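upload.csv, holding CSV, C-alpha atoms:
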chain,number,residue,atom,x,y,z
A,1,MET,CA,-28.2,-8.6,13.1
A,2,PRO,CA,-30.8,-9.4,10.5
A,3,GLU,CA,-30.1,-11.8,7.7
A,4,LYS,CA,-28.2,-10.2,4.8
A,5,MET,CA,-29.8,-9.8,1.4
A,6,MET,CA,-28.2,-8.2,-1.6
A,7,HIS,CA,-30.2,-6.0,-3.9
A,8,ARG,CA,-28.3,-5.8,-7.2
A,9,HIS,CA,-28.6,-4.5,-10.8
A,10,LYS,CA,-30.0,-1.2,-9.7
A,11,SER,CA,-29.5,2.0,-11.7
A,12,PHE,CA,-30.6,5.6,-10.9
A,13,GLY,CA,-31.1,8.7,-13.1
A,14,SER,CA,-29.7,11.1,-10.4
A,15,SER,CA,-28.0,11.1,-7.1
A,16,GLY,CA,-31.3,12.3,-5.5
A,17,GLU,CA,-33.1,9.3,-6.8
A,18,ALA,CA,-30.4,7.0,-5.4
A,19,LEU,CA,-30.6,8.7,-2.0
A,20,ASP,CA,-34.3,8.4,-1.9
A,21,TYR,CA,-33.9,4.6,-2.5
A,22,LEU,CA,-31.3,4.3,0.3
A,23,TYR,CA,-33.4,6.4,2.7
A,24,GLY,CA,-36.3,4.0,2.2
A,25,MET,CA,-34.2,0.9,2.7
A,26,ALA,CA,-31.6,1.9,5.3
A,27,PRO,CA,-29.2,-0.8,4.2
A,28,ALA,CA,-26.3,-2.0,6.4
A,29,HIS,CA,-23.9,-1.8,3.4
A,30,VAL,CA,-24.0,0.2,0.2
A,31,TYR,CA,-21.9,-0.7,-2.9
A,32,ASN,CA,-21.6,0.6,-6.4
A,33,SER,CA,-20.0,-1.0,-9.5
A,34,THR,CA,-16.6,0.2,-10.5
A,35,ALA,CA,-17.5,-0.7,-14.1
A,36,TYR,CA,-19.4,1.4,-16.6
A,37,TYR,CA,-22.2,-0.2,-18.6
A,38,GLU,CA,-24.5,0.8,-21.4
A,39,TYR,CA,-27.4,-0.9,-19.7
A,40,PRO,CA,-26.5,-1.0,-16.0
A,41,ASP,CA,-29.9,-2.2,-14.8
A,42,ALA,CA,-30.0,-5.3,-17.1
A,43,ARG,CA,-30.5,-8.4,-15.0
A,44,LYS,CA,-27.9,-10.5,-16.7
A,45,MET,CA,-24.2,-9.5,-16.8
A,46,ASN,CA,-23.8,-10.3,-20.5
A,47,GLU,CA,-26.6,-8.0,-21.4
A,48,LYS,CA,-25.2,-4.9,-19.7
A,49,ASN,CA,-22.5,-4.2,-22.4
A,50,TRP,CA,-19.3,-3.4,-20.4
A,51,LEU,CA,-17.8,-0.1,-21.4
A,52,GLY,CA,-14.8,0.1,-19.0
A,53,ALA,CA,-13.9,0.1,-15.4
A,54,GLU,CA,-12.0,2.2,-12.9
A,55,LEU,CA,-8.6,0.8,-11.8
A,56,ILE,CA,-9.2,-0.2,-8.1
A,57,PHE,CA,-6.7,-0.9,-5.3
A,58,ASP,CA,-7.9,-2.4,-2.1
A,59,LEU,CA,-5.5,-2.3,0.9
A,60,ASP,CA,-6.9,-4.4,3.8
A,61,ALA,CA,-5.2,-5.6,6.9
A,62,ASP,CA,-6.6,-9.0,6.2
A,63,HIS,CA,-4.2,-9.4,3.3
A,64,LEU,CA,-1.1,-8.0,5.0
A,65,PRO,CA,1.5,-10.5,6.2
A,66,ASN,CA,2.0,-10.5,10.0
A,67,ALA,CA,-0.6,-7.9,10.6
A,68,PRO,CA,-1.1,-7.0,14.3
A,69,ARG,CA,-4.3,-8.1,16.0
A,70,ASN,CA,-4.8,-4.8,17.7
A,71,TYR,CA,-7.3,-2.7,15.6
A,72,ALA,CA,-5.4,0.6,16.0
A,73,ASP,CA,-2.0,-0.9,15.1
A,74,MET,CA,-3.7,-2.8,12.2
A,75,LEU,CA,-5.0,0.5,10.8
A,76,GLU,CA,-1.6,2.2,11.2
A,77,LEU,CA,0.1,-0.6,9.3
A,78,VAL,CA,-2.4,-0.5,6.4
A,79,LYS,CA,-2.0,3.3,6.2
A,80,LYS,CA,1.8,2.8,5.7
A,81,GLU,CA,1.1,0.5,2.8
A,82,SER,CA,-1.4,3.0,1.4
A,83,LEU,CA,1.3,5.7,1.5
A,84,LYS,CA,3.7,3.4,-0.4
A,85,LEU,CA,1.0,2.8,-3.1
A,86,MET,CA,0.3,6.5,-3.4
A,87,ASP,CA,4.0,7.0,-4.2
A,88,PHE,CA,3.7,4.5,-7.0
A,89,LEU,CA,0.5,6.0,-8.4
A,90,LEU,CA,1.8,9.6,-8.5
A,91,ASP,CA,5.5,9.2,-9.2
A,92,ASP,CA,5.9,5.9,-11.1
A,93,PHE,CA,2.6,6.0,-13.1
A,94,GLY,CA,2.3,9.7,-13.2
A,95,PHE,CA,-1.4,10.0,-12.4
A,96,SER,CA,-2.5,13.4,-11.3
A,97,GLU,CA,-4.1,13.9,-7.9
A,98,GLN,CA,-7.4,14.6,-9.6
A,99,GLU,CA,-7.3,11.1,-11.2
A,100,VAL,CA,-6.8,9.4,-7.8
A,101,GLU,CA,-9.7,9.1,-5.4
A,102,LEU,CA,-8.8,7.8,-1.9
A,103,VAL,CA,-11.4,6.4,0.4
A,104,PHE,CA,-11.2,4.9,3.9
A,105,SER,CA,-13.2,1.7,3.7
A,106,GLY,CA,-14.9,2.1,7.1
A,107,GLY,CA,-13.3,-1.1,8.2
A,108,ARG,CA,-9.7,-2.2,8.0
A,109,GLY,CA,-8.2,-0.3,5.1
A,110,TYR,CA,-8.4,2.0,2.1
A,111,HIS,CA,-9.6,2.0,-1.5
A,112,PHE,CA,-7.9,3.8,-4.3
A,113,HIS,CA,-10.0,4.6,-7.4
A,114,ILE,CA,-8.0,5.6,-10.6
A,115,THR,CA,-10.4,7.4,-12.9
A,116,SER,CA,-8.0,8.3,-15.7
A,117,PRO,CA,-9.4,7.5,-19.2
A,118,LYS,CA,-6.1,5.7,-19.9
A,119,VAL,CA,-7.0,2.8,-17.5
A,120,LEU,CA,-10.7,2.3,-18.2
A,121,LYS,CA,-10.3,-0.2,-21.0
A,122,LEU,CA,-7.5,-2.3,-19.3
A,123,GLY,CA,-8.3,-6.0,-19.1
A,124,SER,CA,-7.6,-8.2,-16.1
A,125,SER,CA,-4.2,-9.4,-17.2
A,126,GLU,CA,-2.9,-5.8,-17.7
A,127,ARG,CA,-4.3,-4.9,-14.2
A,128,ARG,CA,-2.4,-7.9,-12.7
A,129,GLU,CA,0.8,-6.6,-14.3
A,130,ILE,CA,0.2,-3.4,-12.4
A,131,VAL,CA,-0.1,-5.3,-9.2
A,132,ASN,CA,3.1,-7.1,-10.0
A,133,TYR,CA,4.9,-3.8,-10.5
A,134,VAL,CA,3.7,-2.1,-7.2
A,135,SER,CA,4.5,-5.3,-5.2
A,136,GLY,CA,7.9,-5.8,-6.8
A,137,ARG,CA,7.1,-9.3,-7.8
A,138,ASP,CA,9.7,-10.9,-10.1
A,139,ILE,CA,12.0,-7.9,-9.8
A,140,ASP,CA,15.4,-8.6,-11.3
A,141,PHE,CA,18.2,-6.6,-9.7
A,142,LYS,CA,20.7,-7.5,-12.4
A,143,TYR,CA,18.7,-5.1,-14.7
A,144,PHE,CA,19.7,-2.1,-12.5
A,145,PHE,CA,23.4,-2.8,-12.2
A,146,ARG,CA,25.0,-2.5,-15.7
A,147,GLU,CA,28.1,-1.5,-17.5
A,148,VAL,CA,27.5,1.3,-20.0
A,149,ALA,CA,29.8,3.1,-22.5
A,150,MET,CA,31.5,6.1,-21.0
A,151,ASP,CA,30.7,9.5,-22.4
A,152,GLY,CA,32.3,12.9,-21.9
A,153,ASP,CA,35.8,14.2,-22.9
A,154,PHE,CA,37.2,10.7,-23.3
A,155,GLY,CA,34.1,8.7,-23.9
A,156,THR,CA,31.7,8.1,-26.8
A,157,GLY,CA,31.4,11.0,-29.2
A,158,SER,CA,34.9,12.4,-28.3
A,159,LYS,CA,37.9,12.7,-30.6
A,160,THR,CA,39.9,10.5,-28.2
A,161,PHE,CA,37.2,7.8,-28.5
A,162,LYS,CA,37.3,7.6,-32.3
A,163,GLY,CA,39.1,4.5,-33.6
A,164,ILE,CA,39.2,2.8,-30.2
A,165,LYS,CA,38.2,-0.8,-30.5
A,166,ASN,CA,37.7,-1.5,-26.8
A,167,VAL,CA,34.9,0.9,-25.7
A,168,PRO,CA,35.6,2.5,-22.3
A,169,MET,CA,32.9,1.2,-19.9
A,170,LYS,CA,31.7,2.2,-16.5
A,171,CYS,CA,29.4,0.6,-13.9
A,172,THR,CA,26.2,2.5,-13.3
A,173,LEU,CA,22.8,2.2,-11.6
A,174,VAL,CA,20.1,2.3,-14.3
A,175,GLY,CA,17.0,4.4,-13.5
A,176,TYR,CA,18.5,5.8,-10.2
A,177,ASP,CA,16.3,8.9,-10.4
A,178,SER,CA,12.8,7.3,-10.7
A,179,GLY,CA,10.8,4.1,-10.0
A,180,TRP,CA,12.3,1.0,-8.6
A,181,GLY,CA,15.8,2.2,-9.6
A,182,LYS,CA,15.4,5.1,-7.2
A,183,ARG,CA,14.3,2.8,-4.4
A,184,VAL,CA,17.3,0.5,-5.1
A,185,ALA,CA,19.7,3.5,-4.8
A,186,LEU,CA,18.1,4.6,-1.5
A,187,TYR,CA,18.1,1.1,0.0
A,188,LEU,CA,21.8,0.6,-1.0
A,189,THR,CA,23.0,3.9,0.4
A,190,ASP,CA,21.0,3.5,3.6
A,191,TYR,CA,22.6,0.1,4.1
A,192,MET,CA,26.1,1.4,3.5
A,193,LYS,CA,25.5,4.3,5.9
A,194,ALA,CA,24.0,2.0,8.6
A,195,GLU,CA,26.9,-0.5,8.4
A,196,CYS,CA,29.6,2.2,8.6
A,197,GLY,CA,27.8,3.5,11.7
A,198,LYS,CA,28.8,0.4,13.6
A,199,LYS,CA,31.5,0.7,16.2
A,200,TYR,CA,33.8,-2.1,15.0
A,201,LYS,CA,34.9,-2.7,11.5
A,202,LYS,CA,34.7,-6.5,11.9
A,203,ASP,CA,30.9,-6.1,12.4
A,204,MET,CA,30.4,-4.1,9.2
A,205,PHE,CA,28.8,-5.6,6.1
A,206,PRO,CA,28.2,-9.1,7.3
A,207,GLU,CA,25.9,-9.9,4.3
A,208,LEU,CA,28.6,-8.9,1.8
A,209,ARG,CA,31.4,-10.8,3.6
A,210,ARG,CA,29.6,-14.0,2.7
A,211,HIS,CA,30.3,-13.3,-1.0
A,212,GLU,CA,33.4,-15.1,-2.3
A,213,LYS,CA,34.8,-12.0,-3.9
A,214,VAL,CA,34.5,-9.7,-0.9
A,215,GLY,CA,37.5,-9.4,1.4
A,216,ASP,CA,39.0,-6.9,3.8
A,217,THR,CA,40.2,-4.7,1.0
A,218,THR,CA,36.8,-4.4,-0.5
A,219,ILE,CA,35.2,-3.7,2.9
A,220,LYS,CA,37.8,-0.9,3.4
A,221,LYS,CA,36.9,0.6,0.1
A,222,LEU,CA,33.2,0.5,0.8
A,223,ILE,CA,33.8,2.3,4.1
A,224,ASN,CA,35.9,5.0,2.3
A,225,ILE,CA,33.1,5.5,-0.3
A,226,THR,CA,30.5,5.9,2.5
A,227,ASN,CA,32.6,8.3,4.5
A,228,SER,CA,33.7,10.4,1.5
A,229,GLU,CA,32.1,13.8,0.8
A,230,ASN,CA,30.2,12.7,-2.3
A,231,GLY,CA,30.2,8.9,-2.3
A,232,LEU,CA,26.6,8.2,-1.3
A,233,LYS,CA,25.4,11.4,-2.9
A,234,ASP,CA,26.8,10.3,-6.3
A,235,ILE,CA,25.0,7.0,-6.1
A,236,LEU,CA,21.7,8.7,-5.3
A,237,GLU,CA,21.9,11.7,-7.7
A,238,ARG,CA,24.0,10.3,-10.5
A,239,GLY,CA,23.6,6.5,-10.2
A,240,ARG,CA,27.4,6.3,-9.9
A,241,LEU,CA,28.9,2.9,-9.2
A,242,ASP,CA,32.3,3.2,-11.0
A,243,PHE,CA,34.2,3.3,-7.8
A,244,ASP,CA,37.6,1.6,-7.3
A,245,VAL,CA,36.0,-1.6,-6.1
A,246,ARG,CA,36.5,-4.7,-8.2
A,247,ASN,CA,33.2,-6.5,-9.1
A,248,PHE,CA,31.1,-3.7,-7.5
A,249,LYS,CA,28.3,-4.4,-9.9
A,250,GLU,CA,28.2,-8.1,-9.1
A,251,ILE,CA,28.5,-7.4,-5.3
A,252,ALA,CA,25.7,-4.9,-5.3
A,253,ALA,CA,23.4,-7.2,-7.3
A,254,TYR,CA,24.2,-10.0,-4.9
A,255,PHE,CA,23.4,-7.9,-1.8
A,256,MET,CA,20.1,-6.7,-3.3
A,257,GLN,CA,19.1,-10.3,-4.1
A,258,GLU,CA,20.0,-11.5,-0.6
A,259,SER,CA,18.0,-8.6,0.8
A,260,MET,CA,15.0,-9.1,-1.4
A,261,GLY,CA,12.5,-9.8,1.5
A,262,ASN,CA,13.5,-6.7,3.5
A,263,PHE,CA,13.7,-4.5,0.4
A,264,LEU,CA,10.2,-5.4,-0.8
A,265,HIS,CA,8.8,-5.1,2.8
A,266,ARG,CA,10.1,-1.6,2.9
A,267,PHE,CA,9.1,-0.4,-0.6
A,268,GLY,CA,6.6,-2.8,-2.2
A,269,ALA,CA,2.9,-2.1,-1.7
A,270,SER,CA,0.7,-5.0,-0.6
A,271,VAL,CA,-2.6,-4.8,-2.4
A,272,ASP,CA,-5.4,-7.3,-2.9
A,273,GLU,CA,-4.7,-8.7,-6.4
A,274,PRO,CA,-8.2,-10.1,-7.2
A,275,VAL,CA,-9.8,-6.8,-6.5
A,276,THR,CA,-7.5,-4.9,-8.9
A,277,ALA,CA,-7.8,-7.6,-11.6
A,278,ASP,CA,-11.6,-7.6,-11.4
A,279,ILE,CA,-13.1,-5.4,-14.1
A,280,LYS,CA,-16.7,-5.7,-12.7
A,281,ARG,CA,-16.0,-5.1,-9.1
A,282,LEU,CA,-18.5,-3.9,-6.4
A,283,ILE,CA,-17.0,-1.5,-3.9
A,284,ARG,CA,-18.3,0.5,-0.9
A,285,VAL,CA,-19.9,3.9,-1.7
A,286,PRO,CA,-18.1,6.9,-0.1
A,287,GLY,CA,-20.4,8.6,2.4
A,288,SER,CA,-22.2,5.4,3.4
A,289,LEU,CA,-21.7,3.5,6.7
A,290,HIS,CA,-19.8,0.3,7.0
A,291,GLY,CA,-22.2,-2.3,8.3
A,292,GLY,CA,-19.5,-4.2,10.2
A,293,SER,CA,-18.2,-1.2,12.2
A,294,GLY,CA,-20.7,1.7,11.9
A,295,MET,CA,-17.9,3.9,10.8
A,296,LEU,CA,-18.0,6.3,7.8
A,297,VAL,CA,-16.7,5.2,4.4
A,298,LYS,CA,-14.9,8.4,4.1
A,299,LYS,CA,-13.4,10.1,1.0
A,300,LEU,CA,-10.1,11.8,1.7
A,301,ALA,CA,-7.8,14.2,-0.1
A,302,LEU,CA,-4.4,12.5,-0.7
A,303,SER,CA,-2.8,15.1,1.5
A,304,GLU,CA,-5.0,14.1,4.4
A,305,LEU,CA,-4.0,10.5,4.5
A,306,GLU,CA,-0.9,10.8,6.7
A,307,GLY,CA,-2.7,12.7,9.4
A,308,PHE,CA,-6.0,10.7,9.2
A,309,ASP,CA,-7.0,8.8,12.3
A,310,PRO,CA,-10.0,6.6,11.4
A,311,LEU,CA,-10.8,5.7,15.0
A,312,ASN,CA,-11.6,9.4,15.5
A,313,ASP,CA,-12.2,10.9,12.1
A,314,ALA,CA,-14.5,8.2,10.7
A,315,VAL,CA,-16.6,7.9,13.9
A,316,VAL,CA,-19.9,9.7,13.2
A,317,PHE,CA,-22.1,8.8,16.2
A,318,GLY,CA,-22.1,10.8,19.4
A,319,GLU,CA,-21.5,10.4,23.2
A,320,ARG,CA,-25.2,9.9,24.2
A,321,PRO,CA,-25.3,7.0,26.7
A,322,VAL,CA,-27.0,3.9,25.3
A,323,LYS,CA,-27.8,0.6,27.1
A,324,VAL,CA,-26.8,-2.6,25.3
A,325,THR,CA,-26.7,-6.3,26.1
A,326,VAL,CA,-23.2,-7.6,25.5
A,327,SER,CA,-22.8,-11.3,24.7
A,328,LYS,CA,-19.1,-11.5,25.5
A,329,PRO,CA,-16.2,-9.3,26.7
A,330,PHE,CA,-14.9,-7.0,24.0
A,331,SER,CA,-12.2,-4.4,23.7
A,332,VAL,CA,-11.8,-1.6,21.2
A,333,GLN,CA,-10.1,1.8,20.8
A,334,LEU,CA,-12.5,4.6,19.7
A,335,LYS,CA,-12.3,8.3,19.9
A,336,GLY,CA,-9.1,8.2,21.9
A,337,LYS,CA,-10.5,5.9,24.5
A,338,ASP,CA,-9.6,2.3,25.4
A,339,LEU,CA,-13.0,0.7,25.9
A,340,ARG,CA,-13.2,-2.7,27.7
A,341,ILE,CA,-16.8,-3.9,27.8
A,342,GLU,CA,-17.8,-6.8,30.0
A,343,GLU,CA,-20.6,-9.3,29.3
A,344,GLY,CA,-24.1,-8.3,30.4
A,345,ILE,CA,-26.1,-5.1,30.3
A,346,GLN,CA,-23.8,-2.1,29.9
A,347,GLU,CA,-24.3,1.6,29.3
A,348,VAL,CA,-21.8,2.9,26.7
A,349,PRO,CA,-21.5,5.9,24.4
A,350,GLU,CA,-23.6,5.8,21.3
A,351,TYR,CA,-20.6,5.4,19.0
A,352,ALA,CA,-19.4,2.4,21.0
A,353,ALA,CA,-22.9,0.8,21.1
A,354,VAL,CA,-23.2,1.1,17.3
A,355,TYR,CA,-19.7,-0.5,16.9
A,356,LEU,CA,-20.5,-3.4,19.3
A,357,ILE,CA,-23.8,-4.1,17.6
A,358,CYS,CA,-22.2,-4.1,14.1
A,359,ARG,CA,-19.5,-6.4,15.3
A,360,GLY,CA,-22.2,-8.8,16.5
A,361,VAL,CA,-21.3,-8.8,20.2
A,362,ALA,CA,-24.1,-6.7,21.5
A,363,GLU,CA,-27.9,-6.1,21.1
A,364,TYR,CA,-29.6,-2.8,21.5
A,365,GLY,CA,-31.5,-2.4,24.8
A,366,TYR,CA,-31.7,-5.1,27.5
A,367,ARG,CA,-33.7,-8.0,28.7
A,368,ARG,CA,-35.3,-7.9,32.2
A,369,ASN,CA,-33.7,-11.2,33.2
A,370,GLN,CA,-30.2,-9.8,32.7
A,371,PRO,CA,-28.2,-8.3,35.6
A,372,ASP,CA,-28.1,-4.5,36.0
A,373,ALA,CA,-25.6,-2.4,34.2
A,374,VAL,CA,-22.3,-1.9,36.0
Here is a file; write its structure as structure tokens.
Amino acid sequence: MPEKMMHRHKSFGSSGEALDYLYGMAPAHVYNSTAYYEYPDARKMNEKNWLGAELIFDLDADHLPNAPRNYADMLELVKKESLKLMDFLLDDFGFSEQEVELVFSGGRGYHFHITSPKVLKLGSSERREIVNYVSGRDIDFKYFFREVAMDGDFGTGSKTFKGIKNVPMKCTLVGYDSGWGKRVALYLTDYMKAECGKKYKKDMFPELRRHEKVGDTTIKKLINITNSENGLKDILERGRLDFDVRNFKEIAAYFMQESMGNFLHRFGASVDEPVTADIKRLIRVPGSLHGGSGMLVKKLALSELEGFDPLNDAVVFGERPVKVTVSKPFSVQLKGKDLRIEEGIQEVPEYAAVYLICRGVAEYGYRRNQPDAV
């Protein structure tokens, strides 16, 4: 591959002008700024006059803990993270689908562009707070389990309640119907259901049994709640925790704290914080090719993400046979095929040749002193 050289501080009056420039250069990578400037072609950053920036999320397998080495498995994992982030963007933050642009990066992940005017002026610190929220960093479970004043026939506002000095209280799950509270309710009820599905009672709720205030009586009551007609439903749909279990609030908060790692692995979204915090970020242009893979940087509708297969749907080159000189053995999955390429002169489909060349393990054509293709 030729030596890389960046051409920066370019601005164009129209998309046609930009395309003419790219056709003339045929660059390996194409980026645009996520920021808006009054003078985008100024050579010095402090002369551009920053006007705002899209809110960007970059999900890349490089930044995921324990990401698999296999390319297909890696892409499947980062898709799951992207689906979790999409839930935060649409449900927690309330962005419309028209305000969220989703792009497959052409490499190992996805980019989310939030174009809402509400986010354009956010600074780096505010954007980091958003990353903290979607990742669940510093979450405090005690916030969700609280005692609140009872209402209804015998609660606050009722005739019976008037004059009572000790306010009737009940334990409840705060925010059970949205955001992190909804995720806590789902995790808690799934745990109770899974534990009660075990064959022997002695094997149920091992995490809770470590708590000093949890004995056989408490375990029996938890089993009854789980197996009752409305027990788990009441937690999910009403945030109800006022069951006949002593210290239920404390026990639930203890369990969630002990399960922090598993909980955040299931619900938190792993995004690249420096990218989101950067208010002058460069990012790949949709419709261009990724110079490290030859695949399309592809814009997607949000509804397309779950069924999107980048190793098929982002491959743009065809099946025409091409001879390449391979410098070392290489394996990759493309277009539904497991390709294992040996060293030497090989004839492969065009899409595979482009991928190998972009990865730096092959050269186009062959040298006469190389052995014949196999």
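The nearest approach to Pro68 (chain A) among the residues A:Arg108, A:Met5, A:Thr276, A:Lys118, with only C-alpha atoms taken into account, belongs to A:Arg108.
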For Lys221 (chain A), which residue out of A:Cys196, A:Leu77, A:Leu188, A:Leu236 is the nearest one, using only C-alpha atoms?
-> A:Cys196
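Nearest to Tyr37 (chain A) of all the residues A:Val275, A:Cys358, A:Ile251, A:Leu51 is A:Leu51, based on all atoms listed in the file.
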Leaving out Tyr364 (chain A) and any residue of its chain fewer than 6 positions from it, which residues lie within 7 Å of it when counting all atoms listed in the file, given as a PyMOL selection string?
-> chain A and resi 323-325
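Considering all atoms listed in the file, the residue among A:Gly123, A:Gly175, A:Pro27, A:Gly268 positioned nearest to Ile139 (chain A) is A:Gly268.
Each of A:Glu38, A:Asn230, A:Arg238, A:Leu222 was checked against Ala185 (chain A) using all atoms listed in the file; the smallest atom-to-atom distance is that of A:Arg238.
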Would you mind telling me which residue in A:Glu347, A:Asp41, A:Asp20, A:Glu306 lies nearest to His7 (chain A) when using all atoms listed in the file?
-> A:Asp41
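Atom to atom, CA of Leu208 (chain A) and CA of Ser178 (chain A) stand 25.9 Å apart.
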Distance query 8 Å from (-17.6, -7.5, -11.7) using all atoms listed in the file, result as a tab-separated table (two decimals) with C-alpha atoms, keeping the file's coordinate frame:
chain	number	residue	atom	x	y	z
A	33	SER	CA	-20.00	-1.00	-9.50
A	34	THR	CA	-16.60	0.20	-10.50
A	35	ALA	CA	-17.50	-0.70	-14.10
A	278	ASP	CA	-11.60	-7.60	-11.40
A	279	ILE	CA	-13.10	-5.40	-14.10
A	280	LYS	CA	-16.70	-5.70	-12.70
A	281	ARG	CA	-16.00	-5.10	-9.10
A	282	LEU	CA	-18.50	-3.90	-6.40
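You will find CA of Thr115 (chain A) at 17.3 Å from CA of Arg128 (chain A).
The interatomic distance for the pair CA of Val174 (chain A) and CA of Phe144 (chain A) works out to 4.8 Å.
Contact shell of Ala269 (chain A) at 9 Å (all atoms listed in the file; same-chain neighbours under 3 positions omitted): Leu59, Lys80, Glu81, Ser82, Leu83, Lys84, Leu85, Phe88, Val131, Val134, Ser135, Gly136, Leu264, His265 and Arg266 of chain A.
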Output of the above residues as an mmCIF file, in the coordinates of the input, restricted to C-alpha atoms:
data_model
loop_
_atom_site.group_PDB
_atom_site.id
_atom_site.type_symbol
_atom_site.label_atom_id
_atom_site.label_comp_id
_atom_site.auth_asym_id
_atom_site.auth_seq_id
_atom_site.Cartn_x
_atom_site.Cartn_y
_atom_site.Cartn_z
ATOM 1 C CA LEU A 59 -5.500 -2.300 0.900
ATOM 2 C CA LYS A 80 1.800 2.800 5.700
ATOM 3 C CA GLU A 81 1.100 0.500 2.800
ATOM 4 C CA SER A 82 -1.400 3.000 1.400
ATOM 5 C CA LEU A 83 1.300 5.700 1.500
ATOM 6 C CA LYS A 84 3.700 3.400 -0.400
ATOM 7 C CA LEU A 85 1.000 2.800 -3.100
ATOM 8 C CA PHE A 88 3.700 4.500 -7.000
ATOM 9 C CA VAL A 131 -0.100 -5.300 -9.200
ATOM 10 C CA VAL A 134 3.700 -2.100 -7.200
ATOM 11 C CA SER A 135 4.500 -5.300 -5.200
ATOM 12 C CA GLY A 136 7.900 -5.800 -6.800
ATOM 13 C CA LEU A 264 10.200 -5.400 -0.800
ATOM 14 C CA HIS A 265 8.800 -5.100 2.800
ATOM 15 C CA ARG A 266 10.100 -1.600 2.900
#
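Once Arg246 (chain A) and its same-chain neighbours fewer than 5 positions away are set aside, Lys170, Cys171, Lys213, Val214, Gly215, Thr217, Thr218, Ile219, Lys221, Leu222, Leu241, Ile251 and Ala252 of chain A remain within 12 Å of it when counting only C-alpha atoms.
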Requested write-out: C-alpha atoms of the selected residues, as an mmCIF file, in the coordinates of the input:
data_model
loop_
_atom_site.group_PDB
_atom_site.id
_atom_site.type_symbol
_atom_site.label_atom_id
_atom_site.label_comp_id
_atom_site.auth_asym_id
_atom_site.auth_seq_id
_atom_site.Cartn_x
_atom_site.Cartn_y
_atom_site.Cartn_z
ATOM 1 C CA LYS A 170 31.700 2.200 -16.500
ATOM 2 C CA CYS A 171 29.400 0.600 -13.900
ATOM 3 C CA LYS A 213 34.800 -12.000 -3.900
ATOM 4 C CA VAL A 214 34.500 -9.700 -0.900
ATOM 5 C CA GLY A 215 37.500 -9.400 1.400
ATOM 6 C CA THR A 217 40.200 -4.700 1.000
ATOM 7 C CA THR A 218 36.800 -4.400 -0.500
ATOM 8 C CA ILE A 219 35.200 -3.700 2.900
ATOM 9 C CA LYS A 221 36.900 0.600 0.100
ATOM 10 C CA LEU A 222 33.200 0.500 0.800
ATOM 11 C CA LEU A 241 28.900 2.900 -9.200
ATOM 12 C CA ILE A 251 28.500 -7.400 -5.300
ATOM 13 C CA ALA A 252 25.700 -4.900 -5.300
#
Do you know which residues are at most 10 Å from Gly197 (chain A) counting all atoms listed in the file, after dropping those on the same chain fewer than 4 positions away, and could you put them as an mmCIF file with C-alpha atoms, in the coordinates of the input?
data_model
loop_
_atom_site.group_PDB
_atom_site.id
_atom_site.type_symbol
_atom_site.label_atom_id
_atom_site.label_comp_id
_atom_site.auth_asym_id
_atom_site.auth_seq_id
_atom_site.Cartn_x
_atom_site.Cartn_y
_atom_site.Cartn_z
ATOM 1 C CA TYR A 191 22.600 0.100 4.100
ATOM 2 C CA MET A 192 26.100 1.400 3.500
ATOM 3 C CA LYS A 193 25.500 4.300 5.900
ATOM 4 C CA LYS A 201 34.900 -2.700 11.500
ATOM 5 C CA MET A 204 30.400 -4.100 9.200
ATOM 6 C CA ILE A 223 33.800 2.300 4.100
ATOM 7 C CA THR A 226 30.500 5.900 2.500
ATOM 8 C CA ASN A 227 32.600 8.300 4.500
#
Please identify all polymer residues lying at most 12 Å from the point (-5.2, 13.9, -0.4) (file coordinates), using only C-alpha atoms, and present the result as a list in words.
-> Ser82, Leu83, Met86, Leu90, Ser96, Glu97, Gln98, Glu99, Val100, Glu101, Leu102, Val103, Phe104, Phe112, Lys299, Leu300, Ala301, Leu302, Ser303, Glu304, Leu305, Glu306, Gly307 and Phe308 of chain A
His9 (chain A): which residues within 10 Å, counting all atoms listed in the file, same-chain residues fewer than 2 positions away excluded, as a VMD selection string?
-> chain A and resid 6 to 7 11 32 to 33 39 to 45 48
